[in-house]
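Trainee: What follows is the file data_1.txt, containing compact mmCIF, C-alpha atoms and all ligand atoms:
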```txt
# COMPACT_ATOMS: atom_id res chain seq x y z
CA MET A 194 -6.21 50.78 114.95
CA VAL A 195 -7.29 52.42 111.65
CA LEU A 196 -9.24 50.21 109.24
CA ASN A 197 -9.08 50.50 105.45
CA ASN A 198 -12.39 52.40 105.38
CA GLY A 199 -10.95 55.05 107.73
CA GLU A 200 -12.94 53.82 110.74
CA THR A 201 -10.95 53.44 113.97
CA ARG A 202 -11.29 50.59 116.47
CA ARG A 203 -9.69 50.00 119.85
CA LEU A 204 -8.87 46.39 120.70
CA ILE A 205 -8.06 45.38 124.27
CA THR A 206 -5.81 42.35 124.74
CA GLY A 207 -3.83 40.61 127.46
CA LYS A 208 -1.14 39.40 125.07
CA LEU A 209 0.20 41.10 121.96
CA PHE A 210 2.10 39.41 119.13
CA LEU A 211 3.79 41.73 116.66
CA ASN A 212 4.45 40.28 113.21
CA LEU A 213 4.98 43.35 111.04
CA GLY A 214 7.40 42.08 108.40
CA THR A 215 9.82 44.13 106.32
CA HIS A 216 9.86 46.09 103.08
CA ALA A 217 12.56 46.75 100.49
CA SER A 218 15.18 49.28 101.60
CA ILE A 219 15.79 52.15 99.20
CA PRO A 220 19.46 53.24 99.53
CA LEU A 221 20.39 56.91 99.44
CA VAL A 222 21.53 57.20 95.84
CA PRO A 223 20.92 60.42 93.91
CA GLY A 224 18.04 59.90 91.46
CA LEU A 225 16.98 56.52 92.83
CA VAL A 226 13.63 57.54 94.31
CA GLU A 227 12.83 59.65 91.23
CA ALA A 228 13.58 56.62 89.04
CA LYS A 229 10.62 54.81 90.67
CA PRO A 230 12.49 51.49 90.75
CA LEU A 231 10.87 48.10 90.95
CA THR A 232 11.03 46.34 94.28
CA ASN A 233 10.37 42.62 94.72
CA ILE A 234 6.62 43.40 94.79
CA GLU A 235 6.43 45.12 91.38
CA ALA A 236 9.01 42.78 89.87
CA LEU A 237 6.76 39.84 90.62
CA GLU A 238 3.75 41.59 89.07
CA LEU A 239 5.46 42.81 85.89
CA GLY A 240 3.52 41.70 82.83
CA ARG A 241 6.52 41.88 80.47
CA PRO A 242 10.19 40.95 80.52
CA PRO A 243 12.33 44.10 80.79
CA GLY A 244 14.52 44.70 77.75
CA ARG A 245 17.54 45.62 79.87
CA LEU A 246 17.20 45.07 83.62
CA ILE A 247 19.64 46.55 86.12
CA VAL A 248 19.52 44.94 89.54
CA LEU A 249 20.85 46.83 92.52
CA GLY A 250 21.90 44.22 95.07
CA GLY A 251 23.40 40.75 94.73
CA GLY A 252 21.68 39.09 97.69
CA TYR A 253 19.03 36.38 97.61
CA VAL A 254 16.20 38.55 96.25
CA GLY A 255 18.31 40.23 93.57
CA LEU A 256 19.86 36.96 92.48
CA GLU A 257 16.64 35.03 92.11
CA LEU A 258 14.86 37.79 90.21
CA ALA A 259 17.91 38.50 88.02
CA GLN A 260 18.14 34.86 87.03
CA ALA A 261 14.40 34.56 86.46
CA TYR A 262 14.27 37.57 84.15
CA ARG A 263 17.40 36.46 82.29
CA ARG A 264 15.62 33.18 81.62
CA PHE A 265 12.59 35.14 80.36
CA GLY A 266 14.93 36.77 77.83
CA SER A 267 15.96 40.07 79.49
CA ARG A 268 19.52 41.32 79.38
CA VAL A 269 20.48 41.65 83.05
CA THR A 270 23.24 43.36 85.04
CA ILE A 271 23.64 42.88 88.80
CA ILE A 272 25.50 45.57 90.75
CA ASP A 273 26.75 44.95 94.28
CA HIS A 274 29.06 47.10 96.37
CA GLY A 275 30.49 44.03 98.11
CA PRO A 276 33.31 41.89 96.72
CA ARG A 277 31.11 38.82 96.10
CA LEU A 278 27.52 37.72 95.49
CA ALA A 279 25.40 36.38 98.39
CA GLY A 280 27.94 37.88 100.75
CA ARG A 281 26.66 36.11 103.88
CA GLU A 282 27.33 32.70 102.33
CA ASP A 283 30.69 30.93 102.29
CA PRO A 284 33.05 32.14 99.54
CA ASP A 285 32.79 28.86 97.58
CA VAL A 286 29.00 29.29 97.41
CA SER A 287 29.41 32.85 96.10
CA GLU A 288 31.86 31.62 93.46
CA GLU A 289 29.50 28.89 92.29
CA VAL A 290 26.56 31.29 92.07
CA ARG A 291 28.75 33.66 90.07
CA SER A 292 29.80 30.96 87.62
CA ILE A 293 26.17 29.86 87.11
CA LEU A 294 25.14 33.44 86.34
CA ASP A 295 28.15 33.95 84.06
CA ALA A 296 27.15 30.84 82.11
CA GLU A 297 23.59 32.17 81.76
CA GLY A 298 24.82 35.52 80.46
CA VAL A 299 24.05 37.71 83.49
CA GLU A 300 26.57 40.54 83.82
CA VAL A 301 27.84 40.95 87.41
CA LEU A 302 29.59 44.09 88.67
CA LEU A 303 31.12 43.62 92.14
CA SER A 304 32.85 46.13 94.42
CA THR A 305 30.83 48.67 92.47
CA ASP A 306 29.05 51.75 93.80
CA VAL A 307 26.13 53.43 92.10
CA GLU A 308 26.85 57.15 91.94
CA ARG A 309 23.68 58.49 90.35
CA ILE A 310 20.65 57.47 88.35
CA ASP A 311 18.89 59.44 85.64
CA GLY A 312 15.60 58.51 84.03
CA ARG A 313 12.75 56.34 85.08
CA SER A 314 12.31 52.60 85.46
CA GLY A 315 9.99 51.20 82.81
CA GLU A 316 11.18 53.80 80.31
CA HIS A 317 14.90 54.53 80.00
CA LEU A 318 17.63 54.81 82.64
CA ARG A 319 21.26 55.82 82.84
CA VAL A 320 23.08 54.46 85.88
CA GLY A 321 26.48 55.93 86.71
CA VAL A 322 28.71 53.46 88.56
CA ARG A 323 32.21 53.40 89.96
CA THR A 324 33.80 50.00 89.38
CA PRO A 325 37.33 48.95 90.43
CA GLU A 326 38.32 49.63 86.81
CA GLY A 327 36.83 53.14 86.75
CA HIS A 328 33.59 54.99 86.01
CA ARG A 329 30.96 53.56 83.69
CA THR A 330 27.44 54.49 82.64
CA LEU A 331 24.99 51.65 82.22
CA GLU A 332 21.85 52.05 80.12
CA GLY A 333 18.74 50.12 81.02
CA THR A 334 14.98 49.96 80.66
CA ASP A 335 14.16 48.83 84.19
CA LEU A 336 15.75 49.05 87.62
CA LEU A 337 15.14 46.61 90.47
CA VAL A 338 16.20 47.54 94.00
CA ALA A 339 17.07 44.50 96.08
CA ALA A 340 19.46 46.12 98.53
CA GLY A 341 18.21 44.75 101.83
CA ARG A 342 15.08 44.98 103.93
CA THR A 343 13.73 47.56 106.38
CA PRO A 344 11.46 46.46 109.25
CA ASN A 345 7.88 47.83 109.25
CA THR A 346 8.26 49.26 112.74
CA GLN A 347 7.97 53.00 112.14
CA GLY A 348 4.77 54.94 112.77
CA VAL A 349 3.14 52.15 114.73
CA GLY A 350 3.68 53.63 118.20
CA LEU A 351 5.93 50.83 119.41
CA GLU A 352 8.43 52.94 121.33
CA GLU A 353 5.61 54.90 123.02
CA ALA A 354 4.32 51.53 124.26
CA GLY A 355 7.71 50.67 125.79
CA ILE A 356 8.68 48.29 122.98
CA GLU A 357 12.33 48.99 122.28
CA LEU A 358 13.85 48.81 118.83
CA THR A 359 17.40 47.84 117.94
CA ASP A 360 19.69 50.40 116.35
CA ARG A 361 18.60 49.03 112.96
CA GLY A 362 14.91 49.46 113.75
CA TYR A 363 14.04 45.84 114.50
CA ILE A 364 11.95 44.96 117.56
CA ARG A 365 14.34 44.08 120.36
CA VAL A 366 13.56 40.55 121.58
CA ASN A 367 15.20 37.96 123.82
CA GLU A 368 15.67 34.28 122.99
CA ARG A 369 11.96 33.70 123.80
CA LEU A 370 10.93 36.48 121.39
CA GLU A 371 9.75 38.58 124.35
CA THR A 372 10.00 42.32 123.75
CA THR A 373 10.90 44.89 126.37
CA ALA A 374 7.17 45.43 127.15
CA PRO A 375 5.20 42.95 129.26
CA ASP A 376 3.08 40.27 127.53
CA THR A 377 4.30 41.40 124.12
CA TRP A 378 6.25 39.30 121.62
CA GLY A 379 7.93 40.14 118.33
CA MET A 380 8.11 37.50 115.60
CA GLY A 381 8.98 36.98 111.98
CA GLU A 382 11.34 39.29 110.16
CA CYS A 383 10.55 42.41 112.18
CA ALA A 384 12.14 40.89 115.31
CA GLY A 385 15.85 41.16 116.02
CA SER A 386 17.99 39.64 118.75
CA ARG A 387 20.46 41.56 120.87
CA SER A 388 23.39 40.23 118.84
CA SER A 389 22.11 40.41 115.27
CA PRO A 390 19.22 41.96 113.35
CA ILE A 391 17.66 38.58 112.64
CA SER A 392 17.99 36.10 115.47
CA ARG A 393 18.23 32.35 115.18
CA SER A 394 14.81 32.02 116.81
CA THR A 395 13.38 34.58 114.41
CA THR A 396 14.67 32.63 111.44
CA ILE A 397 12.91 29.52 112.70
CA VAL A 398 9.49 31.18 113.00
CA SER A 399 9.79 32.99 109.68
CA PHE A 400 10.18 29.92 107.47
CA GLY A 401 8.58 30.74 104.31
CA THR A 402 5.35 31.40 102.73
CA THR A 403 6.92 32.92 99.63
C1 LIG A 501 11.40 38.14 96.71
C2 LIG A 501 11.43 37.34 98.01
C3 LIG A 501 11.60 35.97 97.93
C4 LIG A 501 11.63 35.22 99.10
N1 LIG A 501 11.79 33.87 98.98
C5 LIG A 501 11.79 33.12 100.09
C6 LIG A 501 11.92 31.70 100.01
O1 LIG A 501 12.04 31.14 98.93
N2 LIG A 501 11.91 30.99 101.16
C7 LIG A 501 11.78 31.59 102.38
O2 LIG A 501 11.77 30.90 103.41
N3 LIG A 501 11.67 32.92 102.49
C8 LIG A 501 11.66 33.70 101.37
N4 LIG A 501 11.54 35.05 101.48
C9 LIG A 501 11.44 35.65 102.82
C10 LIG A 501 10.01 35.52 103.32
O3 LIG A 501 9.13 36.16 102.43
C11 LIG A 501 9.97 36.21 104.66
O4 LIG A 501 10.91 35.57 105.50
C12 LIG A 501 8.60 36.12 105.28
O5 LIG A 501 7.62 36.68 104.44
C13 LIG A 501 8.63 36.89 106.60
O6 LIG A 501 7.38 36.73 107.20
P1 LIG A 501 6.85 37.81 108.20
O7 LIG A 501 5.55 37.28 108.69
O8 LIG A 501 7.88 38.19 109.17
O9 LIG A 501 6.58 39.13 107.31
P2 LIG A 501 5.62 39.36 106.08
O10 LIG A 501 5.41 38.15 105.27
O11 LIG A 501 6.15 40.59 105.43
O12 LIG A 501 4.22 39.69 106.79
C14 LIG A 501 4.00 40.84 107.55
C15 LIG A 501 2.56 41.31 107.33
O13 LIG A 501 2.26 42.37 108.25
C16 LIG A 501 1.55 43.39 107.58
N5 LIG A 501 1.76 44.64 108.32
C17 LIG A 501 2.87 45.41 108.36
N6 LIG A 501 2.69 46.47 109.18
C18 LIG A 501 1.44 46.36 109.68
C19 LIG A 501 0.65 47.16 110.59
N7 LIG A 501 1.12 48.28 111.15
N8 LIG A 501 -0.61 46.75 110.89
C20 LIG A 501 -1.10 45.62 110.33
N9 LIG A 501 -0.42 44.84 109.46
C21 LIG A 501 0.84 45.20 109.14
C22 LIG A 501 2.16 43.39 106.20
O14 LIG A 501 1.26 44.01 105.27
C23 LIG A 501 2.31 41.88 105.93
O15 LIG A 501 1.13 41.32 105.41
C24 LIG A 501 11.49 35.84 100.35
C25 LIG A 501 11.33 37.23 100.43
C26 LIG A 501 11.30 37.98 99.27
C27 LIG A 501 11.16 39.48 99.38
```
Represent the structure of the file as structure tokens.

Mentor:
Amino acid sequence: MVLNNGETRRLITGKLFLNLGTHASIPLVPGLVEAKPLTNIEALELGRPPGRLIVLGGGYVGLELAQAYRRFGSRVTIIDHGPRLAGREDPDVSEEVRSILDAEGVEVLLSTDVERIDGRSGEHLRVGVRTPEGHRTLEGTDLLVAAGRTPNTQGVGLEEAGIELTDRGYIRVNERLETTAPDTWGMGECAGSRSSPISRSTTIVSFGTT
């Protein structure tokens, strides 16, 4: 284990509980990394409302931050490549969320792919998109990426310790949150069941602090 001051310590334990969490996924879109987009972390620390906020991702995180900034006075556009907002919810829920955002003046572009991004978040951005109606270029001042989560399981030495990951990089656990290594459990958002990235049992133990 490496401490913040660079010192290393070795801890010996009989039981190990891994609760590593997730971070915002950054999709492979030309220009996205260079644009230095906001993630949920920076978006919650921003000391000003963006003039024109473009939100990549119409899931829970994108929706709540889009609505919040719209209410702070920003002009907001949400882009999602799926055909509806909050795509894991029932269609009637997605429709209701859409109508609430429409009424609040949030622009929503669905079934839309981002092709490339030029510029830098916090300054000026041009976002090229392909919508069902054709190509468009959006102009914005700030870009928020809310396009899913990536588990914090890389570079920790899990696989070397016999702790298997799922094909999406989550810690493989059974219904008791046991990993594939003895006396080791995975919990919270970094744990994934055999059938889905976030298991029912994982959802129960990750009820929220935020
Ligand atoms: C914008 C946003 C809004 C949300 N709103 C809600 C909500 O309203 N209600 C709700 O229930 N949930 C909400 N969630 C989800 C909720 O935040 C997560 O479900 C919860 O934080 C998951 O907890 P966790 O312990 O698995 O991970 P985390 O809270 O991410 O904690 C993991 C911790 O492990 C640390 N860590 C990572 N790697 C290492 C390492 N190698 N060594 C040591 N430490 C490490 C991390 O720094 C972090 O402190 C929201 C999430 C976001 C992003």

Trainee: Residues at most 9 Å from ligand LIG 501 (chain A), using only C-alpha atoms and all ligand atoms? Could they come as a PyMOL selection string?

Mentor: chain A and resi 194-195+211-217+232-234+236-237+253-255+257-258+339+342+344-349+380-384+395-396+398-403

Trainee: Residues of the last selection are to be written out with C-alpha atoms, as a compact mmCIF listing (two decimals), in the frame of the given file.

Mentor:
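Output (part_24.txt):
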```txt
# COMPACT_ATOMS: atom_id res chain seq x y z
CA MET A 194 -6.21 50.78 114.95
CA VAL A 195 -7.29 52.42 111.65
CA LEU A 211 3.79 41.73 116.66
CA ASN A 212 4.45 40.28 113.21
CA LEU A 213 4.98 43.35 111.04
CA GLY A 214 7.40 42.08 108.40
CA THR A 215 9.82 44.13 106.32
CA HIS A 216 9.86 46.09 103.08
CA ALA A 217 12.56 46.75 100.49
CA THR A 232 11.03 46.34 94.28
CA ASN A 233 10.37 42.62 94.72
CA ILE A 234 6.62 43.40 94.79
CA ALA A 236 9.01 42.78 89.87
CA LEU A 237 6.76 39.84 90.62
CA TYR A 253 19.03 36.38 97.61
CA VAL A 254 16.20 38.55 96.25
CA GLY A 255 18.31 40.23 93.57
CA GLU A 257 16.64 35.03 92.11
CA LEU A 258 14.86 37.79 90.21
CA ALA A 339 17.07 44.50 96.08
CA ARG A 342 15.08 44.98 103.93
CA PRO A 344 11.46 46.46 109.25
CA ASN A 345 7.88 47.83 109.25
CA THR A 346 8.26 49.26 112.74
CA GLN A 347 7.97 53.00 112.14
CA GLY A 348 4.77 54.94 112.77
CA VAL A 349 3.14 52.15 114.73
CA MET A 380 8.11 37.50 115.60
CA GLY A 381 8.98 36.98 111.98
CA GLU A 382 11.34 39.29 110.16
CA CYS A 383 10.55 42.41 112.18
CA ALA A 384 12.14 40.89 115.31
CA THR A 395 13.38 34.58 114.41
CA THR A 396 14.67 32.63 111.44
CA VAL A 398 9.49 31.18 113.00
CA SER A 399 9.79 32.99 109.68
CA PHE A 400 10.18 29.92 107.47
CA GLY A 401 8.58 30.74 104.31
CA THR A 402 5.35 31.40 102.73
CA THR A 403 6.92 32.92 99.63
```

Trainee: Set the distance at 12 Å and use only C-alpha atoms: which residues neighbour Thr372 of chain A once local chain neighbours fewer than 3 positions away are removed? I'd like the list as JSON, numbers by chain.

Mentor: {"A": [208, 209, 210, 211, 351, 352, 354, 355, 356, 357, 358, 359, 363, 364, 365, 366, 367, 368, 369, 375, 376, 377, 378, 379, 380, 383, 384, 385, 386, 387]}

Trainee: Please, which residues are within 12 Å of (24.4, 61.7, 83.0) by the file's coordinates, counting all atoms listed in the file, and could they come as a PyMOL selection string?

Mentor: chain A and resi 223-224+308-312+318-322+328-332

Trainee: Could you tell me how far atom CA of Ser218 of chain A lies from atom CA of His274 of chain A, in Å and to one decimal?

Mentor: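 Interatomic distance, atom CA of Ser218 of chain A to atom CA of His274 of chain A: 15.0 Å.
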
Trainee: Just want the 6 Å neighbourhood of Thr324 of chain A, counted on all atoms listed in the file, with same-chain residues fewer than 2 positions away dropped. Output as a VMD selection string.

Mentor: chain A and resid 305 326 to 327

Trainee: Extract, using all atoms listed in the file, all DNA, RNA and protein residues at most 7 Å from Thr334 of chain A, discarding same-chain residues fewer than 2 positions from it, and format them as a list in words.

Mentor: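 These residues fall inside the cut-off: Pro243, Gly244, Arg245, Leu246, Ser314, Gly315, Glu316, His317 and Leu318 of chain A.
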
Trainee: Expressed in Å to a single decimal, how great is the separation between atom CA of Leu225 of chain A and atom CA of Ala259 of chain A?

Mentor: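 Result for atom CA of Leu225 of chain A versus atom CA of Ala259 of chain A: 18.7 Å, one decimal.
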
Trainee: Just how far from atom CA of Glu289 of chain A is atom CA of Leu336 of chain A, in Å to one decimal?

Mentor: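 So the two atoms, atom CA of Leu336 of chain A and atom CA of Glu289 of chain A, lie 24.8 Å apart.
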
Trainee: So which one's closest to Ile247 of chain A, A:Arg323, A:Arg281, A:Arg202, A:Arg263? Using only C-alpha atoms, please.

Mentor: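 Among the listed residues, the smallest separation from Ile247 of chain A belongs to A:Arg263.
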
Trainee: Which residues are close to Glu300 of chain A, i.e. within 7 Å by all atoms listed in the file, leaving aside same-chain residues fewer than 6 positions away? Reply as an MDAnalysis selection string.

Mentor: chainID A and resid 269:271

Trainee: Let me have the centre and edge lengths in Å, one decimal, of the box along x, y and z around every listed atom of segment 316-320 of chain A with 4 Å of margin on each side, as AutoDock Vina command-line options.

Mentor:
```
--center_x 17.1 --center_y 54.8 --center_z 82.9 --size_x 19.9 --size_y 10.0 --size_z 13.9
```

Trainee: With N, CA, C and O atoms as the goal, would you fill in the gaps in segment 372-386 of chain A and present it as a PDB file, in the frame of the given file?

Mentor:
```
ATOM      1  N   THR A 372       9.509  40.954 123.950  1.00  0.00           N
ATOM      2  CA  THR A 372      10.000  42.320 123.750  1.00  0.00           C
ATOM      3  C   THR A 372      10.287  42.936 125.116  1.00  0.00           C
ATOM      4  O   THR A 372      10.163  42.276 126.161  1.00  0.00           O
ATOM      5  N   THR A 373      10.615  44.207 125.108  1.00  0.00           N
ATOM      6  CA  THR A 373      10.900  44.890 126.370  1.00  0.00           C
ATOM      7  C   THR A 373       9.610  45.341 127.077  1.00  0.00           C
ATOM      8  O   THR A 373       9.665  45.909 128.155  1.00  0.00           O
ATOM      9  N   ALA A 374       8.453  45.112 126.495  1.00  0.00           N
ATOM     10  CA  ALA A 374       7.170  45.430 127.150  1.00  0.00           C
ATOM     11  C   ALA A 374       6.532  44.131 127.638  1.00  0.00           C
ATOM     12  O   ALA A 374       6.712  43.079 127.013  1.00  0.00           O
ATOM     13  N   PRO A 375       5.792  44.178 128.728  1.00  0.00           N
ATOM     14  CA  PRO A 375       5.200  42.950 129.260  1.00  0.00           C
ATOM     15  C   PRO A 375       4.154  42.345 128.312  1.00  0.00           C
ATOM     16  O   PRO A 375       3.459  43.073 127.614  1.00  0.00           O
ATOM     17  N   ASP A 376       4.093  41.020 128.302  1.00  0.00           N
ATOM     18  CA  ASP A 376       3.080  40.270 127.530  1.00  0.00           C
ATOM     19  C   ASP A 376       3.050  40.677 126.052  1.00  0.00           C
ATOM     20  O   ASP A 376       1.985  40.708 125.432  1.00  0.00           O
ATOM     21  N   THR A 377       4.206  40.973 125.532  1.00  0.00           N
ATOM     22  CA  THR A 377       4.300  41.400 124.120  1.00  0.00           C
ATOM     23  C   THR A 377       5.475  40.674 123.475  1.00  0.00           C
ATOM     24  O   THR A 377       6.573  40.655 124.032  1.00  0.00           O
ATOM     25  N   TRP A 378       5.226  40.069 122.323  1.00  0.00           N
ATOM     26  CA  TRP A 378       6.250  39.300 121.620  1.00  0.00           C
ATOM     27  C   TRP A 378       6.445  39.867 120.210  1.00  0.00           C
ATOM     28  O   TRP A 378       5.485  40.397 119.620  1.00  0.00           O
ATOM     29  N   GLY A 379       7.658  39.740 119.707  1.00  0.00           N
ATOM     30  CA  GLY A 379       7.930  40.140 118.330  1.00  0.00           C
ATOM     31  C   GLY A 379       8.314  38.890 117.556  1.00  0.00           C
ATOM     32  O   GLY A 379       9.068  38.048 118.057  1.00  0.00           O
ATOM     33  N   MET A 380       7.811  38.722 116.352  1.00  0.00           N
ATOM     34  CA  MET A 380       8.110  37.500 115.600  1.00  0.00           C
ATOM     35  C   MET A 380       8.226  37.783 114.119  1.00  0.00           C
ATOM     36  O   MET A 380       7.847  38.856 113.640  1.00  0.00           O
ATOM     37  N   GLY A 381       8.770  36.787 113.410  1.00  0.00           N
ATOM     38  CA  GLY A 381       8.980  36.980 111.980  1.00  0.00           C
ATOM     39  C   GLY A 381      10.146  37.922 111.746  1.00  0.00           C
ATOM     40  O   GLY A 381      10.989  38.149 112.607  1.00  0.00           O
ATOM     41  N   GLU A 382      10.168  38.504 110.565  1.00  0.00           N
ATOM     42  CA  GLU A 382      11.340  39.290 110.160  1.00  0.00           C
ATOM     43  C   GLU A 382      11.496  40.609 110.877  1.00  0.00           C
ATOM     44  O   GLU A 382      12.557  41.220 110.814  1.00  0.00           O
ATOM     45  N   CYS A 383      10.434  41.098 111.524  1.00  0.00           N
ATOM     46  CA  CYS A 383      10.550  42.410 112.180  1.00  0.00           C
ATOM     47  C   CYS A 383      11.265  42.296 113.523  1.00  0.00           C
ATOM     48  O   CYS A 383      11.569  43.314 114.152  1.00  0.00           O
ATOM     49  N   ALA A 384      11.528  41.069 114.000  1.00  0.00           N
ATOM     50  CA  ALA A 384      12.140  40.890 115.310  1.00  0.00           C
ATOM     51  C   ALA A 384      13.644  40.707 115.170  1.00  0.00           C
ATOM     52  O   ALA A 384      14.115  40.057 114.243  1.00  0.00           O
ATOM     53  N   GLY A 385      14.405  41.290 116.078  1.00  0.00           N
ATOM     54  CA  GLY A 385      15.850  41.160 116.020  1.00  0.00           C
ATOM     55  C   GLY A 385      16.405  40.858 117.398  1.00  0.00           C
ATOM     56  O   GLY A 385      15.925  41.399 118.383  1.00  0.00           O
ATOM     57  N   SER A 386      17.407  39.981 117.452  1.00  0.00           N
ATOM     58  CA  SER A 386      17.990  39.640 118.750  1.00  0.00           C
ATOM     59  C   SER A 386      18.953  40.736 119.186  1.00  0.00           C
ATOM     60  O   SER A 386      19.231  41.674 118.460  1.00  0.00           O
TER      61      SER A 386
END
```
